[in-house]
Structures are given as C-alpha cells and as structure tokens.
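Dropping data-v5.txt in here (compact mmCIF, C-alpha atoms):
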```txt
# COMPACT_ATOMS: atom_id res chain seq x y z
CA MET A 1326 5.17 8.09 20.01
CA TRP A 1327 4.55 9.79 16.62
CA GLN A 1328 2.26 12.35 18.21
CA ARG A 1329 5.01 13.43 20.60
CA LEU A 1330 7.60 13.62 17.82
CA TYR A 1331 5.22 15.64 15.68
CA GLU A 1332 4.56 18.16 18.47
CA GLU A 1333 8.30 18.47 19.06
CA LEU A 1334 9.20 19.09 15.40
CA LYS A 1335 6.12 20.57 13.77
CA ASP A 1336 7.50 24.13 13.83
CA ASP A 1337 10.54 22.93 11.87
CA GLY A 1338 8.51 22.08 8.75
CA PHE A 1339 7.83 18.49 9.71
CA VAL A 1340 4.63 16.48 9.71
CA VAL A 1341 3.80 12.90 10.61
CA ILE A 1342 1.08 11.14 8.63
CA THR A 1343 0.02 7.91 10.27
CA VAL A 1344 -1.94 5.36 8.26
CA ALA A 1345 -3.87 2.53 9.87
CA MET A 1346 -3.97 -0.62 7.72
CA ASP A 1347 -7.30 -1.93 8.89
CA SER A 1348 -9.75 -3.67 6.60
CA ARG A 1349 -12.33 -3.81 9.37
CA GLY A 1350 -12.60 -0.06 8.95
CA THR A 1351 -13.13 2.90 11.23
CA HIS A 1352 -14.60 1.09 14.21
CA ALA A 1353 -11.49 -1.09 14.55
CA VAL A 1354 -9.24 1.95 15.01
CA ARG A 1355 -11.50 4.52 16.65
CA ARG A 1356 -10.44 3.73 20.18
CA PRO A 1357 -6.63 3.64 19.66
CA ILE A 1358 -6.76 6.84 17.58
CA ARG A 1359 -8.85 8.71 20.16
CA ARG A 1360 -6.52 7.57 22.90
CA ALA A 1361 -3.47 8.96 21.01
CA HIS A 1362 -5.14 12.40 20.55
CA PRO A 1363 -3.38 12.95 17.23
CA THR A 1364 -3.00 16.53 16.04
CA HIS A 1365 -1.27 15.27 12.87
CA PRO A 1366 -3.21 13.56 10.05
CA SER A 1367 -4.20 10.09 11.24
CA LEU A 1368 -5.66 8.22 8.28
CA ILE A 1369 -7.47 4.93 7.76
CA ASP A 1370 -6.61 2.66 4.84
CA THR A 1371 -9.04 -0.26 4.61
CA HIS A 1372 -7.59 -1.32 1.22
CA HIS A 1373 -3.93 -1.32 2.33
CA LEU A 1374 -3.37 1.07 -0.59
CA VAL A 1375 -0.35 2.71 1.03
CA ALA A 1376 1.26 -0.71 1.48
CA GLU A 1377 0.80 -1.32 -2.24
CA LEU A 1378 2.09 2.11 -3.31
CA TYR A 1379 5.19 1.88 -1.11
CA ASN A 1380 5.73 -1.89 -1.30
CA MET A 1381 5.30 -2.44 2.43
CA VAL A 1382 4.98 -5.83 4.11
CA ASN A 1383 4.59 -5.11 7.79
CA VAL A 1384 3.66 -2.56 10.43
CA PRO A 1385 5.17 -0.34 11.62
CA GLN A 1386 6.89 0.63 8.41
CA VAL A 1387 7.78 4.20 7.50
CA VAL A 1388 8.93 6.29 4.54
CA TRP A 1389 10.79 9.60 4.71
CA ILE A 1390 9.56 12.14 2.14
CA ASP A 1391 11.16 15.56 1.63
CA GLU A 1392 9.60 18.97 0.96
CA GLU A 1393 9.49 18.31 -2.79
CA GLY A 1394 7.66 15.03 -2.37
CA ARG A 1395 10.79 12.93 -3.04
CA ILE A 1396 11.49 9.69 -1.22
CA VAL A 1397 14.53 10.17 1.04
CA ARG A 1398 14.38 6.81 2.78
CA PRO A 1399 12.12 4.17 1.22
CA THR A 1400 10.00 1.71 3.17
CA GLU A 1401 11.73 0.36 6.27
CA VAL A 1402 10.91 -0.75 9.79
CA SER A 1403 11.11 2.20 12.16
CA GLY A 1404 13.59 0.70 14.58
CA ALA A 1405 11.27 -1.93 16.03
CA ALA A 1406 12.27 -5.45 16.99
CA LEU A 1407 10.37 -8.60 17.84
CA THR A 1408 12.19 -9.18 21.10
CA LEU A 1409 11.51 -9.42 24.79
CA ASN A 1410 14.64 -7.36 25.46
CA LEU A 1411 12.91 -4.12 26.42
CA ALA A 1412 16.16 -2.18 26.91
CA ARG A 1413 17.21 -3.04 23.36
CA MET A 1414 13.81 -2.02 22.02
CA ARG A 1415 14.13 1.33 23.77
CA ARG A 1416 17.62 1.88 22.34
CA LEU A 1417 16.46 1.04 18.79
CA LYS A 1418 13.54 3.42 19.10
CA ARG A 1419 15.68 6.22 20.52
CA LEU A 1420 18.27 5.87 17.75
CA TYR A 1421 15.57 5.92 15.09
CA LEU A 1422 13.82 8.99 16.53
CA ASP A 1423 17.17 10.79 16.81
CA ALA A 1424 17.84 9.98 13.17
CA ILE A 1425 14.53 11.61 12.20
CA ARG A 1426 15.38 14.68 14.31
CA ASP A 1427 18.74 14.94 12.58
CA TRP A 1428 17.09 14.77 9.15
CA VAL A 1429 14.50 17.40 10.07
CA ARG A 1430 17.31 19.74 11.17
CA ASN A 1431 19.85 19.04 8.43
CA GLY A 1432 17.81 17.83 5.46
CA ARG A 1433 19.86 16.24 2.68
CA ALA A 1434 23.06 16.89 4.63
CA SER A 1435 21.94 14.52 7.40
CA VAL A 1436 23.97 11.30 7.54
CA TYR A 1437 20.62 9.51 7.83
CA ALA A 1438 19.26 10.90 4.53
CA PHE A 1439 20.03 8.72 1.51
CA ASP A 1440 21.17 10.30 -1.73
CA GLU A 1441 19.12 9.27 -4.77
CA GLN A 1442 21.32 6.35 -5.69
CA GLU A 1443 21.23 4.95 -2.15
CA ALA A 1444 17.47 5.50 -1.93
CA ARG A 1445 16.92 3.54 -5.16
CA ALA A 1446 19.20 0.76 -3.96
CA HIS A 1447 17.10 0.39 -0.80
CA LEU A 1448 13.77 0.01 -2.62
CA PRO A 1449 12.44 -3.51 -2.13
CA PRO A 1450 11.79 -4.94 -5.64
CA PHE A 1451 8.16 -4.93 -6.75
CA THR A 1452 7.63 -8.32 -8.39
CA ASP A 1453 4.76 -9.70 -10.50
CA ASP A 1454 3.76 -11.93 -7.60
CA ILE A 1455 3.51 -8.88 -5.35
CA ALA A 1456 1.32 -7.09 -7.91
CA TRP A 1457 -0.98 -10.13 -8.19
CA ALA A 1458 -1.01 -10.51 -4.41
CA HIS A 1459 -2.31 -6.96 -4.03
CA ALA A 1460 -5.01 -7.57 -6.65
CA ASN A 1461 -6.10 -10.72 -4.81
CA PHE A 1462 -6.07 -8.89 -1.49
CA HIS A 1463 -8.17 -6.01 -2.85
CA LEU A 1464 -10.77 -8.33 -4.34
CA GLY A 1465 -10.83 -10.55 -1.25
CA ARG A 1466 -11.31 -7.60 1.06
CA THR A 1467 -14.02 -6.12 -1.16
CA LEU A 1468 -15.95 -9.42 -1.21
CA TRP A 1469 -15.44 -9.91 2.51
CA GLN A 1470 -16.87 -6.47 3.19
CA ALA A 1471 -19.85 -7.22 0.90
CA GLY A 1472 -20.65 -10.17 3.15
CA LYS A 1473 -19.16 -12.87 0.87
CA ARG A 1474 -16.72 -13.90 3.55
CA GLU A 1475 -15.90 -17.40 2.43
CA GLU A 1476 -15.29 -16.40 -1.15
CA GLY A 1477 -13.36 -13.30 -0.09
CA GLY A 1478 -11.29 -15.45 2.26
CA ARG A 1479 -10.11 -17.52 -0.71
CA PHE A 1480 -8.64 -14.46 -2.42
CA LEU A 1481 -7.06 -13.24 0.82
CA LYS A 1482 -5.42 -16.64 1.22
CA ARG A 1483 -4.14 -16.44 -2.34
CA ALA A 1484 -2.63 -13.02 -1.59
CA VAL A 1485 -0.73 -14.52 1.35
CA GLU A 1486 0.52 -17.38 -0.86
CA LEU A 1487 1.67 -14.99 -3.60
CA ASN A 1488 3.51 -12.70 -1.22
CA PRO A 1489 4.55 -14.76 1.81
CA ASP A 1490 6.78 -11.89 2.96
CA SER A 1491 3.72 -9.76 3.67
CA TRP A 1492 2.85 -9.94 7.33
CA ASN A 1493 0.21 -7.33 6.58
CA PHE A 1494 -1.71 -9.74 4.34
CA PHE A 1495 -1.27 -12.67 6.71
CA ARG A 1496 -2.24 -10.83 9.88
CA GLN A 1497 -5.12 -8.92 8.27
CA MET A 1498 -6.50 -12.18 6.87
CA LYS A 1499 -6.26 -13.80 10.30
CA ASN A 1500 -7.84 -10.72 11.88
CA LEU A 1501 -10.78 -10.88 9.46
CA GLU A 1502 -11.28 -14.56 10.29
CA HIS A 1503 -11.31 -13.67 13.95
CA VAL A 1504 -10.55 -10.34 15.55
CA LEU A 1505 -7.97 -11.84 17.93
CA ALA A 1506 -6.38 -14.32 15.53
CA SER A 1507 -3.69 -12.04 14.07
CA GLY A 1508 -1.43 -12.69 17.07
CA GLY A 1509 -2.50 -16.28 17.68
CA PRO A 1510 -0.60 -19.59 17.49
CA ASP A 1511 -0.46 -19.46 13.67
CA PHE A 1512 1.35 -16.15 13.92
CA PHE A 1513 3.99 -17.47 16.30
CA ARG A 1514 4.45 -20.64 14.25
CA ARG A 1515 5.00 -18.48 11.21
CA THR A 1516 7.48 -16.13 12.89
CA ARG A 1517 9.45 -19.17 14.14
CA ARG A 1518 9.57 -20.63 10.65
CA PHE A 1519 10.69 -17.31 9.19
CA ARG A 1520 13.41 -16.94 11.81
CA TYR A 1521 14.60 -20.45 11.04
CA GLU A 1522 14.82 -19.47 7.36
CA GLY A 1523 16.83 -16.37 8.23
CA ARG A 1524 14.06 -13.91 7.29
CA PRO A 1525 13.68 -11.54 10.23
CA TYR A 1526 10.20 -10.37 11.16
CA TYR A 1527 11.56 -6.83 11.47
CA ALA A 1528 14.69 -6.04 9.46
CA LEU A 1529 16.92 -3.36 10.97
CA PRO A 1530 17.07 -0.09 9.03
CA ASP A 1531 20.37 0.47 7.22
CA MET A 1532 21.64 3.51 9.12
CA PRO A 1533 24.73 4.47 11.13
CA GLY A 1534 24.77 3.00 14.62
CA MET A 1535 21.82 0.63 14.14
CA LYS A 1536 23.88 -2.56 14.09
CA ASP A 1537 25.59 -1.69 17.38
CA VAL A 1538 22.36 -1.37 19.34
CA MET B 1300 -24.86 -4.15 -11.96
CA LEU B 1301 -21.16 -4.86 -12.02
CA LEU B 1302 -18.68 -3.58 -9.45
CA LEU B 1303 -15.29 -2.62 -10.86
CA VAL B 1304 -12.46 -2.21 -8.38
CA SER B 1305 -9.00 -0.72 -8.83
CA ALA B 1306 -6.25 -0.07 -6.32
CA ALA B 1307 -7.58 3.37 -5.41
CA ARG B 1308 -11.22 3.44 -6.52
CA GLN B 1309 -14.32 1.47 -7.28
CA VAL B 1310 -17.24 2.15 -9.59
CA GLU B 1311 -20.57 0.47 -10.26
CA ILE B 1312 -21.67 0.15 -13.86
CA PRO B 1313 -24.82 -1.27 -15.39
CA GLY B 1314 -24.09 -4.65 -16.87
CA ASP B 1315 -24.87 -8.31 -16.90
CA ALA B 1316 -22.59 -10.82 -15.18
CA ARG B 1317 -23.06 -13.42 -17.94
CA GLU B 1318 -21.99 -10.96 -20.60
CA ALA B 1319 -19.11 -9.79 -18.43
CA GLN B 1320 -17.42 -13.14 -18.97
CA ARG B 1321 -17.09 -12.18 -22.63
CA GLY B 1322 -15.86 -8.69 -21.85
CA VAL B 1323 -16.29 -5.85 -19.37
CA TRP B 1324 -17.11 -2.97 -21.69
CA ILE B 1325 -16.88 0.51 -20.21
CA ASP B 1326 -16.37 3.95 -21.70
CA ARG B 1327 -12.93 5.51 -21.84
CA GLU B 1328 -13.78 8.11 -19.21
CA THR B 1329 -14.83 5.41 -16.71
CA LEU B 1330 -11.57 3.58 -17.35
CA ARG B 1331 -9.63 6.78 -16.71
CA GLU B 1332 -11.54 7.57 -13.51
CA LEU B 1333 -11.18 4.04 -12.23
CA THR B 1334 -7.55 3.30 -13.09
CA GLY B 1335 -5.96 6.59 -14.13
CA TRP B 1336 -5.13 5.04 -17.53
CA SER B 1337 -6.51 6.60 -20.68
CA LEU B 1338 -6.60 5.42 -24.28
CA ARG B 1339 -4.68 7.70 -26.59
CA PRO B 1340 -3.46 7.29 -30.16
CA GLU B 1341 -0.08 6.19 -28.76
CA GLY B 1342 -1.63 3.51 -26.56
CA LEU B 1343 -2.74 3.08 -22.97
CA CYS B 1344 -1.23 6.02 -21.09
CA ARG B 1345 -0.95 7.45 -17.62
CA GLY B 1346 1.33 10.39 -16.92
CA ASP B 1347 4.53 9.87 -18.91
CA ALA B 1348 4.02 6.12 -19.21
CA CYS B 1349 2.45 4.62 -22.34
CA VAL B 1350 1.84 0.98 -23.19
CA PRO B 1351 1.58 0.76 -26.99
CA LEU B 1352 -1.43 -1.16 -28.30
CA SER B 1353 -1.06 -3.26 -31.43
CA ARG B 1354 -3.72 -2.85 -34.07
CA ASN B 1355 -4.91 -6.35 -33.22
CA LEU B 1356 -5.35 -5.50 -29.53
CA ALA B 1357 -7.10 -2.24 -30.37
CA LYS B 1358 -9.45 -4.08 -32.72
CA ARG B 1359 -10.36 -6.70 -30.13
CA PHE B 1360 -10.72 -4.50 -27.06
CA VAL B 1361 -11.57 -1.01 -28.25
CA ASP B 1362 -14.78 -0.07 -30.02
CA GLY B 1363 -15.19 3.67 -30.47
CA ASP B 1364 -15.63 5.17 -27.04
CA ARG B 1365 -15.94 1.75 -25.41
CA VAL B 1366 -13.18 -0.49 -24.15
CA ASP B 1367 -13.20 -4.04 -22.79
CA ALA B 1368 -11.17 -3.24 -19.70
CA ALA B 1369 -10.93 -6.83 -18.42
CA GLY B 1370 -9.97 -8.24 -21.83
CA LEU B 1371 -7.37 -5.55 -22.36
CA TRP B 1372 -5.90 -6.02 -18.87
CA HIS B 1373 -5.69 -9.74 -19.46
CA ALA B 1374 -4.09 -9.37 -22.89
CA LEU B 1375 -1.49 -6.97 -21.48
CA GLY B 1376 -0.67 -9.40 -18.64
CA ARG B 1377 -1.89 -6.97 -15.98
CA PRO B 1378 -3.56 -8.37 -12.86
CA VAL B 1379 -7.28 -8.90 -13.46
CA LEU B 1380 -9.54 -11.03 -11.27
CA HIS B 1381 -13.24 -11.59 -10.74
CA ASP B 1382 -15.49 -13.29 -8.21
CA ASP B 1383 -17.37 -16.55 -8.88
CA ALA B 1384 -20.49 -14.70 -10.00
CA CYS B 1385 -18.48 -12.44 -12.39
CA GLU B 1386 -20.13 -9.44 -10.68
CA THR B 1387 -17.03 -7.95 -9.04
CA TRP B 1388 -13.95 -7.26 -11.14
CA MET B 1389 -10.52 -6.22 -9.93
CA LEU B 1390 -8.27 -4.32 -12.33
CA GLY B 1391 -4.85 -4.39 -10.68
CA GLU B 1392 -1.64 -2.48 -11.25
CA ALA B 1393 1.27 -4.03 -13.12
CA ALA B 1394 4.46 -4.62 -11.14
CA GLU B 1395 6.53 -2.69 -13.69
CA ASP B 1396 4.40 0.44 -13.23
CA ARG B 1397 4.72 0.28 -9.45
CA GLU B 1398 8.45 -0.34 -9.79
CA ARG B 1399 8.89 2.56 -12.24
CA GLN B 1400 6.99 4.88 -9.92
CA LEU B 1401 9.13 3.94 -6.94
CA GLN B 1402 12.40 4.12 -8.91
CA SER B 1403 11.51 7.70 -9.88
CA LEU B 1404 11.59 8.48 -6.13
CA GLU B 1405 8.50 10.65 -6.57
CA ALA B 1406 6.44 9.64 -3.53
CA PRO B 1407 3.19 8.11 -4.86
CA ASP B 1408 0.22 10.27 -3.87
CA PHE B 1409 -2.89 8.94 -2.14
CA THR B 1410 -6.07 10.31 -0.59
CA LEU B 1411 -7.48 8.69 2.55
CA PRO B 1412 -10.00 9.62 5.25
CA ASP B 1413 -9.33 10.38 8.90
CA LEU B 1414 -11.62 9.28 11.73
CA ALA B 1415 -14.04 12.16 11.04
CA GLY B 1416 -14.22 11.20 7.35
CA ARG B 1417 -12.20 14.21 6.23
CA MET B 1418 -10.01 13.38 3.22
CA HIS B 1419 -6.27 14.06 3.24
CA SER B 1420 -3.80 13.70 0.38
CA LEU B 1421 -0.08 13.26 0.79
CA SER B 1422 0.36 16.10 -1.73
CA ASP B 1423 -1.44 18.50 0.67
CA TYR B 1424 1.74 18.41 2.76
CA ARG B 1425 4.17 19.39 0.00
CA GLY B 1426 6.62 21.89 1.48
CA SER B 1427 6.99 19.92 4.71
CA LYS B 1428 9.15 16.95 5.47
CA VAL B 1429 6.77 14.02 5.88
CA LEU B 1430 7.20 10.90 7.93
CA LEU B 1431 4.69 8.43 6.53
CA ALA B 1432 4.14 5.80 9.23
CA THR B 1433 1.89 2.74 9.15
CA TRP B 1434 0.32 0.86 12.02
CA ALA B 1435 -2.64 -1.46 12.57
CA SER B 1436 -5.02 -2.47 15.33
CA TRP B 1437 -4.47 -6.18 14.71
```
Represent the structure contained in this file as structure tokens.
Amino acid sequence: MWQRLYEELKDDGFVVITVAMDSRGTHAVRRPIRRAHPTHPSLIDTHHLVAELYNMVNVPQVVWIDEEGRIVRPTEVSGAALTLNLARMRRLKRLYLDAIRDWVRNGRASVYAFDEQEARAHLPPFTDDIAWAHANFHLGRTLWQAGKREEGGRFLKRAVELNPDSWNFFRQMKNLEHVLASGGPDFFRRTRRFRYEGRPYYALPDMPGMKDV
Amino acid sequence: MLLLVSAARQVEIPGDAREAQRGVWIDRETLRELTGWSLRPEGLCRGDACVPLSRNLAKRFVDGDRVDAAGLWHALGRPVLHDDACETWMLGEAAEDRERQLQSLEAPDFTLPDLAGRMHSLSDYRGSKVLLATWASW
C-alpha cells in the first residue's frame, strides 16, 4: 500500500520510509520486502530504535514529517482497525490515504496537518517506565542475539511489564520465543483484556471524518 | 572484553567483568561515540541540552580523560542495566531527554540499513515530505 502511494506522489516532493521492527533481523523480512518491490527506502530496525525515538507502541504506526524535518503529525495508527468488518477497514484506509494526499498537496494549509500546538498536544507522554522499558528491551534483544536466550528473555519480559501499552515489545518477545507465537492465544487473550479495560488495540487518528467511518 | 550498548550503537572495550561491577571506565570520546553525550565544563552535554555535574559527582565518576559511564548513569537516574555476568552493559536514554526532543517537534534522526545493507538516514530526505511508517513480520 505504501509503495503505491509513494509512486503516486513521489513527483510532488513526497517520500515514504518504511521501517520493519524485526529483532530476528534481515532474514525475517526479506521475503515480504522483496514481494512489495519497494522503490522507496525500506529499512530494517532490529533494535526497535524508531519506536523508541518516536514513542511508538504498535505497528503500523506512522509519523508525518515536513520538508524541514519537523513533526506535522506525531505517532499514530495509520487508519487501521482490529476488526473483521472489511468494508470499515477499507473506508478507514481510504480516508487516511486521502488525508496524506491532501497534506502532500497543501502542506501546512491542509486540514489534516496539525499546527505546532496541536502536534505537541498529540505527543504520547514519554514516561520513566517507557525509558526503562526500552533499555530492558535493548539489552534483552542484544543478549538473545548473542545466544543467551533465557537471560535475554528475562529482560524482554521486564520491558513488557514496564510498558504494557507496547504491543511491539509483547509481540516481538512472543515472536522471539517462537516465530508464530506473536499472534497466538496469548495475543488474543491480551487484546480481549485490553478491550475490556477500554484501551483499544488501534486508536483512531484524531482527524476530520475519522469518527464517522 | 565488555560490550557497551546504547539506543543507537554498541562498542566493545577491553575490560574485566569483575572490575566492571565497581565501574565501567571508558574515555570521553568512547562515551560520546556511544551515547552522543560529552563531558564539558558545564556538565554532561548533547546538543543544547546539558546536565550539570556536581563537584562530588565529577570527583567520583570522572578521572581525567576517563569516565565511569555506568556509575554516572546510575547517579543521574538514567537507565543503566547489565547482564548476570556484568559483560554487557546498557546505557539507556532518560525519559526527559526523549520527551524534550519530541516536544521540540524536530524529528529525531536515525540511520538504518535496507535489505542490501545500504544505510539510510532520515535527514537524507530533508526537503521532501516524509511519511515514516512502521511494520513488522510478526
């Protein structure tokens, strides 16, 4: 989907940079990347560094950055939903892609571009627990990759405890335990619990029209 | 050998794990390369941000060109962790520094490889509108 959008808008001064959050490294993403034939930069982030820099907790999450390197819309879910309602998913996606098109054409004047005050207000707060969670995740992943899987697993688990909002930490940890475990029964138990607590798996972006979809 | 890890980099330094428990002493340049933070007369600094160091802290953790990075991180309340063997050390980023960076709305730069191993930085694309989009295989 990003490849198509990039090809459509690349002559209007627009680029997509995709980042794969995959601690298993290149071989885990080689096939999906080759299949997408990306002509835009398609990067691999085994450390989840981008998630730390931009305070992300899930995939797909996106950030809009203008020509001067300023954040126009901070980290948000790009119009995805955990739903079996395919028509609704399509509408969310279409609205989100149209919003990007509008921003690429109109820049700051786009109704979808935040001004600085709005952008700051939409930044998810970066807490001490989140900072410690990232440190635990980094160390856990480093040890795991060095073959100390049990010890590394302890730090990964600690990262999940410190930042329970991070689906990235939880699913990557599960995926390192077993390559298929990130979408297993533990995942669905956890999403049910979160829904019960009123914490949506994918929050809707705060933009005109999104709530009506 | 000790392995020091930061958010963006890692570096191996000669050292003994038993001694590391009493302090991970590295030179200032290694600290700067690893974490981006450098020791200046006004304190521990990176870009416009400076954390002042009391004389007591400087006495305990700085010795000429050498600095006990783990001790200093700990004393400043910054995330610092090590493995059971004390061979691998993680020097993390403080929440307030991440928060300050994001509040500035300057998009934090990073450098990552593509499938072919070619490195790309976000700042290479200055002058274009960028949609930064994450995904994962899992």
Would you pick out the contacts of range 1392-1405 of chain B at 8 Å or less, using all atoms listed in the file, so that residues sharing its chain but fewer than 3 positions from it are not included, and give the list as a PDB file with C-alpha atoms, in the frame of the given file?
```pdb
ATOM      1  CA  LEU A1378       2.090   2.110  -3.310  1.00  0.00           C
ATOM      2  CA  TYR A1379       5.190   1.880  -1.110  1.00  0.00           C
ATOM      3  CA  GLY A1394       7.660  15.030  -2.370  1.00  0.00           C
ATOM      4  CA  ARG A1395      10.790  12.930  -3.040  1.00  0.00           C
ATOM      5  CA  ILE A1396      11.490   9.690  -1.220  1.00  0.00           C
ATOM      6  CA  VAL A1397      14.530  10.170   1.040  1.00  0.00           C
ATOM      7  CA  GLU A1441      19.120   9.270  -4.770  1.00  0.00           C
ATOM      8  CA  ALA A1444      17.470   5.500  -1.930  1.00  0.00           C
ATOM      9  CA  ARG A1445      16.920   3.540  -5.160  1.00  0.00           C
ATOM     10  CA  LEU A1448      13.770   0.010  -2.620  1.00  0.00           C
ATOM     11  CA  PRO A1450      11.790  -4.940  -5.640  1.00  0.00           C
ATOM     12  CA  PHE A1451       8.160  -4.930  -6.750  1.00  0.00           C
ATOM     13  CA  THR A1452       7.630  -8.320  -8.390  1.00  0.00           C
ATOM     14  CA  ASP A1453       4.760  -9.700 -10.500  1.00  0.00           C
ATOM     15  CA  ILE A1455       3.510  -8.880  -5.350  1.00  0.00           C
ATOM     16  CA  ALA A1456       1.320  -7.090  -7.910  1.00  0.00           C
ATOM     17  CA  ALA A1460      -5.010  -7.570  -6.650  1.00  0.00           C
TER      18      ALA A1460
ATOM     19  CA  SER B1305      -9.000  -0.720  -8.830  1.00  0.00           C
ATOM     20  CA  ALA B1306      -6.250  -0.070  -6.320  1.00  0.00           C
ATOM     21  CA  GLY B1376      -0.670  -9.400 -18.640  1.00  0.00           C
ATOM     22  CA  ARG B1377      -1.890  -6.970 -15.980  1.00  0.00           C
ATOM     23  CA  PRO B1378      -3.560  -8.370 -12.860  1.00  0.00           C
TER      24      PRO B1378
END
```
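Among the candidates A:Gln1470, A:Ala1412, A:Arg1430, A:Glu1377, the residue lying nearest to Asp1408 in chain B is A:Glu1377 (atoms considered: only C-alpha atoms).
Rounded to one decimal, CA of Asn1383 in chain A and CA of Phe1495 in chain A lie 9.6 Å from each other.
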Q: Up to 12 Å from (22.3, 0.2, 4.6) in the file's coordinates: name the residues, counting all atoms listed in the file, as a PyMOL selection string.
A: chain A and resi 1398-1399+1401+1436-1440+1443-1448+1528-1536
Q. Of the candidates A:Asp1347, A:Glu1392, A:Glu1522, A:Asp1423, which one gets nearest to Met1498 in chain A if we count only C-alpha atoms?
A. A:Asp1347
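From CA of Val1304 in chain B back to CA of Ala1368 in chain B, the distance works out to 11.4 Å.
The residue that comes closest to Arg1433 in chain A, out of A:Leu1409, A:Gly1477, A:Glu1393, A:Phe1519 and on the basis of only C-alpha atoms, is A:Glu1393.
Proximity ranking of B:Glu1328, B:Asp1362, B:Arg1308, B:Gly1314 relative to chain A places B:Arg1308 first, based on only C-alpha atoms.
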Q) Hey, can you check how far CA of Trp1388 in chain B sits from CA of Thr1433 in chain B? A) 27.6 Å
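With all atoms listed in the file as the atoms that count, the residue of A:Arg1515, A:Arg1413, A:His1459, A:Lys1335 with the shortest distance to Ala1307 in chain B is A:His1459.
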